[in-house]
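Novice: input.txt is reproduced in full below (compact mmCIF, C-alpha atoms).
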# COMPACT_ATOMS: atom_id res chain seq x y z
CA MET A 28 -13.66 -6.70 -8.16
CA VAL A 29 -14.09 -8.81 -5.03
CA PRO A 30 -17.40 -8.66 -3.10
CA GLY A 31 -17.89 -5.83 -0.61
CA PHE A 32 -19.36 -2.39 -0.29
CA ARG A 33 -16.10 -0.52 -0.52
CA PRO A 34 -14.91 -0.12 -4.13
CA ALA A 35 -11.27 -1.00 -3.53
CA TRP A 36 -9.50 -4.33 -3.87
CA VAL A 37 -6.27 -6.20 -4.58
CA GLU A 38 -6.05 -8.73 -7.41
CA VAL A 39 -3.55 -11.57 -6.92
CA ASP A 40 -2.54 -13.43 -10.07
CA LEU A 41 -1.62 -16.92 -8.88
CA ALA A 42 -0.72 -17.99 -12.41
CA ALA A 43 1.98 -15.31 -12.37
CA LEU A 44 3.21 -16.60 -9.01
CA ARG A 45 3.43 -20.14 -10.35
CA HIS A 46 5.31 -18.83 -13.37
CA ASN A 47 7.81 -17.02 -11.14
CA VAL A 48 8.49 -20.13 -9.06
CA GLN A 49 9.05 -22.14 -12.23
CA VAL A 50 11.48 -19.52 -13.55
CA LEU A 51 13.40 -19.61 -10.26
CA ARG A 52 13.48 -23.41 -10.29
CA GLU A 53 14.91 -23.45 -13.80
CA LEU A 54 17.53 -20.88 -12.86
CA THR A 55 18.69 -22.61 -9.69
CA ALA A 56 18.38 -26.33 -10.49
CA PRO A 57 19.48 -28.65 -8.99
CA SER A 58 18.99 -26.45 -5.90
CA GLY A 59 15.55 -26.54 -4.37
CA VAL A 60 13.41 -23.41 -4.07
CA MET A 61 11.89 -22.20 -0.82
CA ALA A 62 8.99 -19.80 -1.36
CA VAL A 63 8.95 -17.39 1.57
CA VAL A 64 5.35 -16.64 2.52
CA LYS A 65 5.86 -14.75 5.78
CA ALA A 66 4.01 -11.48 6.45
CA ASP A 67 0.85 -12.94 4.86
CA GLY A 68 2.75 -13.82 1.72
CA TYR A 69 4.25 -10.32 1.50
CA GLY A 70 0.71 -8.97 1.52
CA HIS A 71 -0.53 -11.36 -1.17
CA GLY A 72 -2.18 -13.90 1.14
CA ALA A 73 -0.05 -16.62 2.71
CA ALA A 74 -2.18 -19.70 2.13
CA PRO A 75 -3.10 -19.01 -1.54
CA ALA A 76 0.50 -18.02 -2.29
CA ALA A 77 1.83 -21.12 -0.55
CA ARG A 78 -0.49 -23.45 -2.43
CA ALA A 79 0.41 -21.91 -5.77
CA ALA A 80 4.13 -22.06 -4.99
CA VAL A 81 3.96 -25.74 -4.03
CA GLU A 82 1.93 -26.49 -7.16
CA ALA A 83 4.74 -24.90 -9.17
CA GLY A 84 7.36 -27.08 -7.51
CA ALA A 85 8.58 -25.14 -4.47
CA ALA A 86 10.27 -27.67 -2.19
CA TRP A 87 9.87 -25.61 0.99
CA LEU A 88 7.82 -22.76 2.41
CA GLY A 89 9.36 -20.17 4.71
CA VAL A 90 7.71 -18.20 7.52
CA ALA A 91 8.94 -15.85 10.22
CA LEU A 92 6.61 -16.87 13.05
CA VAL A 93 5.37 -20.11 14.52
CA GLU A 94 1.84 -18.70 14.21
CA GLU A 95 2.37 -18.27 10.46
CA GLY A 96 3.42 -21.89 10.12
CA VAL A 97 0.44 -23.10 12.14
CA ALA A 98 -1.87 -21.04 9.91
CA LEU A 99 -0.52 -22.86 6.85
CA ARG A 100 -1.14 -26.21 8.53
CA ASP A 101 -4.66 -25.11 9.49
CA ALA A 102 -5.21 -24.26 5.83
CA GLY A 103 -4.40 -27.87 4.93
CA ILE A 104 -0.91 -27.23 3.56
CA ASP A 105 1.38 -30.15 4.39
CA ALA A 106 4.55 -29.09 2.52
CA PRO A 107 7.77 -28.62 4.53
CA VAL A 108 7.58 -25.30 6.41
CA MET A 109 10.64 -23.65 7.94
CA VAL A 110 10.41 -21.07 10.72
CA LEU A 111 13.25 -18.75 9.77
CA SER A 112 13.97 -17.39 13.26
CA GLU A 113 14.41 -19.45 16.42
CA PRO A 114 11.02 -19.98 18.11
CA PRO A 115 10.55 -18.81 21.69
CA PRO A 116 11.04 -21.73 24.08
CA ASP A 117 7.37 -21.75 25.05
CA ALA A 118 6.45 -22.29 21.39
CA ALA A 119 8.54 -25.47 21.06
CA ALA A 120 5.65 -27.87 21.68
CA THR A 121 3.57 -26.13 19.01
CA VAL A 122 6.47 -26.36 16.54
CA VAL A 123 6.69 -30.11 17.12
CA ALA A 124 2.94 -30.67 17.02
CA ALA A 125 2.57 -28.74 13.75
CA GLY A 126 5.47 -30.50 12.07
CA LEU A 127 7.39 -27.30 11.45
CA THR A 128 11.14 -27.16 10.88
CA PRO A 129 12.73 -24.54 13.15
CA VAL A 130 15.88 -22.54 12.71
CA VAL A 131 17.97 -22.50 15.91
CA TYR A 132 20.96 -20.56 17.19
CA THR A 133 20.97 -20.68 21.00
CA GLN A 134 21.45 -23.43 23.56
CA PRO A 135 18.15 -22.67 25.36
CA GLY A 136 16.29 -22.79 22.06
CA ILE A 137 17.81 -26.14 21.15
CA GLU A 138 17.12 -27.61 24.58
CA ALA A 139 13.50 -26.44 24.54
CA LEU A 140 12.90 -28.12 21.18
CA ALA A 141 14.61 -31.32 22.31
CA LYS A 142 12.44 -31.43 25.42
CA ALA A 143 9.28 -30.83 23.39
CA ALA A 144 10.24 -33.51 20.87
CA SER A 145 10.94 -35.99 23.66
CA VAL A 146 7.32 -36.06 24.80
CA VAL A 147 5.79 -36.53 21.35
CA GLU A 148 5.81 -39.92 19.70
CA ARG A 149 7.73 -39.45 16.46
CA ARG A 150 9.03 -41.76 13.78
CA ALA A 151 12.17 -39.67 13.38
CA PRO A 152 14.03 -36.99 15.31
CA LEU A 153 12.97 -33.38 14.88
CA ALA A 154 15.09 -31.74 12.19
CA VAL A 155 16.43 -28.30 13.05
CA HIS A 156 18.54 -25.93 10.97
CA LEU A 157 21.45 -24.12 12.59
CA LYS A 158 21.70 -20.47 11.58
CA VAL A 159 25.14 -18.88 11.65
CA ASP A 160 25.60 -15.11 11.81
CA THR A 161 28.30 -14.41 9.24
CA GLY A 162 27.93 -10.67 9.32
CA MET A 163 24.38 -9.35 9.23
CA HIS A 164 24.26 -9.42 13.05
CA ARG A 165 20.50 -9.78 13.34
CA VAL A 166 20.06 -13.38 14.50
CA GLY A 167 22.21 -16.48 14.38
CA CYS A 168 25.01 -17.96 16.43
CA THR A 169 28.53 -16.65 16.06
CA VAL A 170 31.01 -18.45 13.86
CA ARG A 171 32.84 -19.53 17.03
CA GLU A 172 29.67 -21.04 18.57
CA ALA A 173 28.60 -22.99 15.49
CA ARG A 174 30.49 -26.22 16.17
CA PHE A 175 29.43 -26.36 19.83
CA LEU A 176 25.76 -25.90 18.95
CA ALA A 177 25.95 -28.38 16.08
CA GLU A 178 27.43 -30.94 18.46
CA LEU A 179 24.70 -30.17 20.98
CA ILE A 180 22.10 -30.92 18.30
CA VAL A 181 23.62 -34.18 17.04
CA ASP A 182 24.15 -35.41 20.60
CA ARG A 183 20.42 -35.22 21.33
CA ASP A 184 18.48 -38.30 20.26
CA GLU A 185 15.35 -36.19 19.84
CA LEU A 186 16.97 -33.88 17.27
CA GLU A 187 18.89 -34.06 14.04
CA LEU A 188 20.87 -31.41 12.21
CA GLY A 189 18.68 -30.94 9.18
CA GLY A 190 20.63 -28.02 7.75
CA VAL A 191 23.00 -25.12 8.23
CA CYS A 192 22.27 -21.64 6.92
CA THR A 193 23.16 -17.97 6.99
CA HIS A 194 21.66 -14.73 5.67
CA PHE A 195 23.21 -12.01 3.53
CA ALA A 196 23.24 -8.33 4.44
CA VAL A 197 24.03 -6.72 1.07
CA ALA A 198 23.30 -9.29 -1.62
CA ASP A 199 21.19 -6.64 -3.35
CA GLU A 200 24.43 -4.69 -3.90
CA PRO A 201 26.37 -7.20 -6.01
CA ASP A 202 29.53 -5.08 -6.24
CA ASP A 203 29.94 -4.99 -2.47
CA PRO A 204 32.61 -7.54 -1.43
CA TYR A 205 30.87 -8.14 1.88
CA THR A 206 28.73 -10.96 0.51
CA ALA A 207 31.81 -12.86 -0.64
CA ALA A 208 33.30 -12.37 2.82
CA GLN A 209 30.14 -13.77 4.40
CA LEU A 210 30.34 -16.82 2.17
CA GLU A 211 33.99 -17.35 3.13
CA ARG A 212 33.08 -17.28 6.83
CA PHE A 213 30.19 -19.66 6.23
CA ASP A 214 32.33 -22.11 4.27
CA ALA A 215 34.88 -22.06 7.06
CA VAL A 216 32.12 -23.15 9.45
CA LEU A 217 31.10 -25.97 7.11
CA ARG A 218 34.71 -27.17 6.92
CA GLU A 219 34.98 -27.13 10.71
CA LEU A 220 31.80 -29.17 11.05
CA GLU A 221 32.96 -31.67 8.47
CA SER A 222 36.32 -32.03 10.21
CA ALA A 223 34.40 -32.90 13.37
CA GLY A 224 32.43 -35.55 11.49
CA ILE A 225 29.21 -33.52 11.48
CA ARG A 226 27.15 -33.63 8.31
CA PRO A 227 25.54 -30.22 7.73
CA GLY A 228 22.40 -31.48 6.01
CA ILE A 229 20.72 -28.96 3.71
CA VAL A 230 22.99 -25.96 3.16
CA HIS A 231 21.30 -22.66 2.27
CA THR A 232 22.41 -19.04 2.16
CA ALA A 233 20.72 -17.16 -0.69
CA ASN A 234 17.74 -14.83 -0.50
CA SER A 235 16.21 -13.47 -3.74
CA ALA A 236 19.09 -11.10 -4.41
CA GLY A 237 21.69 -13.72 -3.53
CA THR A 238 19.96 -16.20 -5.82
CA LEU A 239 20.13 -13.82 -8.77
CA ALA A 240 23.54 -12.26 -8.21
CA PHE A 241 25.65 -15.02 -6.66
CA PRO A 242 25.34 -18.42 -8.36
CA ASN A 243 27.90 -19.88 -5.93
CA ALA A 244 25.53 -19.03 -3.07
CA ARG A 245 22.66 -21.21 -4.28
CA ARG A 246 23.90 -24.40 -2.57
CA ASP A 247 21.18 -26.97 -1.79
CA LEU A 248 18.29 -24.55 -1.36
CA VAL A 249 17.49 -20.92 -2.17
CA ARG A 250 15.10 -18.85 -0.06
CA CYS A 251 13.16 -16.62 -2.43
CA GLY A 252 10.69 -14.09 -1.14
CA ILE A 253 10.18 -10.94 -3.17
CA ALA A 254 11.12 -12.62 -6.47
CA VAL A 255 8.29 -15.12 -6.03
CA TYR A 256 5.89 -12.18 -6.18
CA GLY A 257 7.40 -10.86 -9.40
CA ILE A 258 9.29 -7.95 -7.89
CA ALA A 259 13.01 -7.38 -8.32
CA PRO A 260 14.90 -7.30 -4.99
CA ALA A 261 16.49 -3.97 -5.96
CA PRO A 262 16.31 -1.64 -8.98
CA GLY A 263 19.49 -3.04 -10.51
CA PHE A 264 17.84 -6.44 -10.85
CA ASP A 265 15.02 -5.29 -13.13
CA GLY A 266 14.76 -7.55 -16.16
CA VAL A 267 17.34 -10.08 -14.96
CA LEU A 268 14.61 -12.75 -15.03
CA PRO A 269 11.23 -12.75 -16.81
CA LEU A 270 9.28 -12.41 -13.58
CA GLU A 271 5.64 -11.34 -13.64
CA PRO A 272 4.08 -9.02 -11.01
CA VAL A 273 1.53 -10.91 -8.95
CA MET A 274 -0.30 -8.03 -7.26
CA SER A 275 -2.53 -5.30 -8.64
CA PHE A 276 -4.16 -2.66 -6.40
CA LYS A 277 -7.34 -1.08 -7.77
CA ALA A 278 -10.33 1.03 -6.79
CA HIS A 279 -13.26 2.86 -8.33
CA VAL A 280 -13.72 6.61 -8.43
CA SER A 281 -16.14 7.46 -5.64
CA HIS A 282 -16.68 11.18 -6.32
CA VAL A 283 -15.89 13.76 -9.03
CA LYS A 284 -16.01 17.52 -8.65
CA GLN A 285 -15.23 20.53 -10.83
CA LEU A 286 -12.79 23.01 -9.26
CA PHE A 287 -11.09 26.19 -10.36
CA GLU A 288 -7.54 27.33 -10.91
CA GLY A 289 -5.86 28.19 -7.62
CA GLU A 290 -8.02 25.93 -5.46
CA ARG A 291 -5.97 24.02 -2.89
CA LEU A 292 -6.58 20.43 -1.87
CA SER A 293 -6.37 18.03 1.07
CA TYR A 294 -4.80 18.40 4.50
CA GLY A 295 -2.24 21.19 4.62
CA LEU A 296 -3.58 22.65 1.34
CA ARG A 297 -0.19 22.03 -0.26
CA TYR A 298 -1.52 21.10 -3.70
CA ARG A 299 -2.77 23.99 -5.86
CA LEU A 300 -4.66 23.49 -9.11
CA ARG A 301 -2.85 25.10 -12.01
CA ARG A 302 -6.04 25.39 -14.06
CA ASP A 303 -9.74 24.72 -13.91
CA GLY A 304 -10.44 21.02 -13.94
CA ARG A 305 -11.88 17.90 -12.41
CA VAL A 306 -10.74 16.25 -9.21
CA ALA A 307 -11.60 12.62 -8.50
CA THR A 308 -11.77 11.08 -5.04
CA VAL A 309 -10.57 7.48 -4.65
CA PRO A 310 -11.57 5.56 -1.51
CA VAL A 311 -8.15 4.31 -0.37
CA GLY A 312 -5.62 5.98 1.90
CA TYR A 313 -2.68 5.50 4.18
CA ALA A 314 -4.65 3.13 6.41
CA ASP A 315 -4.71 0.85 3.37
CA GLY A 316 -0.99 1.14 2.64
CA VAL A 317 -0.87 4.13 0.30
CA PRO A 318 2.03 6.22 1.64
CA ARG A 319 0.78 9.51 3.04
CA SER A 320 3.53 11.40 1.22
CA LEU A 321 2.97 9.82 -2.19
CA GLY A 322 1.03 12.81 -3.50
CA HIS A 323 3.91 15.14 -2.60
CA THR A 324 6.59 13.02 -4.26
CA GLY A 325 5.12 12.61 -7.73
CA GLY A 326 2.83 9.64 -7.15
CA GLN A 327 0.35 8.88 -9.92
CA VAL A 328 -2.58 6.59 -10.67
CA LEU A 329 -4.08 5.27 -13.89
CA VAL A 330 -7.56 6.25 -15.06
CA ARG A 331 -8.83 5.27 -18.51
CA GLY A 332 -5.33 4.21 -19.47
CA ARG A 333 -3.65 7.52 -18.61
CA ARG A 334 -1.44 8.68 -15.74
CA PHE A 335 -2.73 11.39 -13.44
CA PRO A 336 -1.09 12.89 -10.33
CA ILE A 337 -2.23 12.20 -6.81
CA ALA A 338 -3.31 15.64 -5.62
CA GLY A 339 -2.00 16.59 -2.21
CA THR A 340 -1.69 14.65 1.01
CA VAL A 341 -3.03 11.12 1.01
CA THR A 342 -5.54 10.91 3.86
CA MET A 343 -6.35 7.93 6.03
CA ASP A 344 -9.18 6.56 3.90
CA GLN A 345 -9.13 8.53 0.65
CA LEU A 346 -6.94 10.31 -1.85
CA MET A 347 -7.62 12.79 -4.63
CA VAL A 348 -6.53 12.79 -8.25
CA ASP A 349 -6.02 15.83 -10.48
CA LEU A 350 -7.68 14.90 -13.79
CA GLY A 351 -7.27 18.28 -15.48
CA ASP A 352 -9.79 18.42 -18.30
CA ALA A 353 -9.89 14.64 -18.77
CA PRO A 354 -13.28 12.97 -18.47
CA ALA A 355 -14.06 10.66 -15.56
CA GLU A 356 -17.15 9.37 -13.80
CA VAL A 357 -18.01 7.76 -10.51
CA GLY A 358 -17.30 4.04 -10.94
CA ASP A 359 -14.34 4.42 -13.28
CA GLU A 360 -11.55 1.98 -12.46
CA VAL A 361 -8.43 3.47 -10.87
CA VAL A 362 -5.22 1.45 -10.91
CA LEU A 363 -2.82 2.31 -8.11
CA ILE A 364 -0.45 -0.60 -8.73
CA GLY A 365 -0.73 -2.62 -11.90
CA ARG A 366 -1.44 -2.22 -15.60
CA GLN A 367 -4.19 -0.42 -17.43
CA GLY A 368 -3.96 -0.19 -21.20
CA ASP A 369 -0.36 0.49 -22.20
CA GLU A 370 0.59 2.06 -18.86
CA GLU A 371 1.84 0.38 -15.71
CA ILE A 372 2.56 1.56 -12.17
CA THR A 373 4.69 -0.75 -10.04
CA ALA A 374 5.36 -1.19 -6.34
CA ALA A 375 8.97 -0.34 -7.16
CA GLU A 376 7.82 3.03 -8.54
CA TRP A 377 6.03 3.82 -5.29
CA ALA A 378 9.12 2.74 -3.37
CA GLU A 379 11.39 4.98 -5.40
CA ARG A 380 9.10 7.97 -4.90
CA THR A 381 8.87 7.47 -1.15
CA GLY A 382 12.43 6.44 -0.33
CA THR A 383 11.76 2.85 0.63
CA ILE A 384 11.78 -0.63 -0.95
CA ALA A 385 9.09 -2.51 -2.83
CA TYR A 386 8.91 -5.09 -0.03
CA GLU A 387 7.52 -2.46 2.33
CA ILE A 388 4.97 -1.31 -0.23
CA VAL A 389 3.33 -4.68 -0.89
CA CYS A 390 3.55 -5.79 2.75
CA GLY A 391 1.93 -2.52 3.77
CA ILE A 392 -1.28 -2.90 1.79
CA GLY A 393 -3.56 -3.54 4.71
CA PRO A 394 -6.04 -6.30 5.49
CA ARG A 395 -9.09 -4.06 5.07
CA VAL A 396 -8.38 -4.09 1.32
CA PRO A 397 -9.96 -7.39 0.22
CA ARG A 398 -7.94 -9.79 -1.93
CA GLY A 399 -9.27 -11.53 -4.98
CA TYR A 400 -7.46 -14.48 -6.61
CA ARG A 401 -7.25 -15.68 -10.16
Spit out the file's structure as structure tokens when you get a sec.

Specialist:
Amino acid sequence: MVPGFRPAWVEVDLAALRHNVQVLRELTAPSGVMAVVKADGYGHGAAPAARAAVEAGAAWLGVALVEEGVALRDAGIDAPVMVLSEPPPDAAATVVAAGLTPVVYTQPGIEALAKAASVVERRAPLAVHLKVDTGMHRVGCTVREARFLAELIVDRDELELGGVCTHFAVADEPDDPYTAAQLERFDAVLRELESAGIRPGIVHTANSAGTLAFPNARRDLVRCGIAVYGIAPAPGFDGVLPLEPVMSFKAHVSHVKQLFEGERLSYGLRYRLRRDGRVATVPVGYADGVPRSLGHTGGQVLVRGRRFPIAGTVTMDQLMVDLGDAPAEVGDEVVLIGRQGDEEITAAEWAERTGTIAYEIVCGIGPRVPRGYR
């Protein structure tokens, strides 16, 4: 347990993270591995996750925001860091100063970075990666714009085309032909650039799901996020690789009471005890990332190596557990996500019970739950 008055904490197993990066490197070699550490390392802690990933051989780190990249630099991490969406023009000078590698896809974004790079003494041009929208339609230039923007980049002395990339929409559904269609569009762009004498630099397309399901998408670099943290990108990927979960979420029982059959619990009084028994209070709630509905959809926790149901609505700061006639005391360890004895509860289990994805679960475990690292 990490220091603090509140008996709730997250344990982050950095040895497991290093193992996962090594597994991904072995799978994808000779492609490099980018460990995506945006969103505070998917809730695991960006700087510790980044250090462990680089120690395990990750060639790149990926972030969503300029601020996230600067935070890594402030933490003393000097590995290559890519900002995976085009920075706002007013952030260009910070990108250059921090030595970040930006993704670009608009003329104003390219011009802002060129201008910022022109006023900083550099040994080499600023490398930028051109992102092409091949069908997800979130960010990226159109296929038709790609050559024009690539030429704009190579024509600027302050810039160089460090890479060309795209992002998949349904790689976690391997039977969907859309991913193959995206790759075809992307390869057509690469051919057009090559015909114009433009070298694309580092070519990258694959997220975690694309890395696992589409070997032909691995190219020069794979961008792995959720897999780095030991979580399959979708249920169908369970067991494809020997990945190890990195995060455990734990607390201590804070209160135990004896109640009677028919008593109803928590807000809305929707949970009714089927028999006399003990109810334990656990000091974590939806403000900490435990879905409010988890008690109504079959959510469980582990106490003394056994599964017990979350009883009723999860409240902001606390939840209750129906122990039946099982013994428990204040101070007993409660595992919300992780292993205890022979039982394990995963982020994917929470996701399945609440109709979301495991990414949202781990990213949602809030900052007031302290992290401990081992």

Novice: I'd like the neighbourhood of A:Val197 as a list in words, where a residue qualifies if any of its atoms comes within 9 Å (using all atoms listed in the file), though same-chain residues fewer than 2 positions away should be ignored.

Specialist: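 The residues satisfying every condition are Met163, Phe195, Asp199, Glu200, Pro201, Asp203, Pro204, Tyr205, Thr206, Ala236 and Gly237 of chain A.
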
Novice: Which residue, A:Gln367, A:Phe264, A:Asn234, A:Ala119, has the smallest gap to A:Cys251 when you use all atoms listed in the file?

Specialist: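 That would be A:Asn234, the residue with the smallest distance to A:Cys251.
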
Novice: From the set A:Leu350, A:Val60, A:Ala74, A:Leu157, which residue has the shortest atom-to-atom contact distance to A:Ala254, counting all atoms listed in the file?

Specialist: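 Counting all atoms listed in the file, the residue closest to A:Ala254 is A:Val60.
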
Novice: With distances taken over only C-alpha atoms, which of A:Gly316, A:Pro135, A:Gly189, A:Gly358 is nearest to A:Asp344?

Specialist: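 Among the listed residues, A:Gly316 lies closest to A:Asp344.
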
Novice: Contacts of stretch 120-131 of chain A at 7 Å or less, counting only C-alpha atoms, minus same-chain residues fewer than 4 places along, as JSON, numbers by chain?

Specialist: {"A": [93, 96, 97, 100, 108, 109, 110, 111, 112, 113, 114, 136, 137, 143, 144, 154, 155, 156, 157, 158]}

Novice: Let me make sure I understand: among A:Met343, A:Leu188, A:Leu329, A:Ala177, which one has the smallest atom-to-atom distance to A:Leu363 if we use all atoms listed in the file?

Specialist: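 Looking at the shortest contact to A:Leu363, the residue is A:Leu329.
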
Novice: Need to verify the contact set: stretch 217-221 of chain A, 10 Å, all atoms listed in the file, exclusion of same-chain residues closer than 5 positions in sequence. Can you return it as a PyMOL selection string?

Specialist: chain A and resi 173-175+177-178+191-192+211-212+226-227+230

Novice: With only C-alpha atoms as the basis for distance, which of A:Ala151, A:Met347, A:Val37, A:Val267 is at the shortest distance from A:Asp315?

Specialist: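 Of A:Ala151, A:Met347, A:Val37, A:Val267, the one nearest A:Asp315 is A:Val37, counting only C-alpha atoms.
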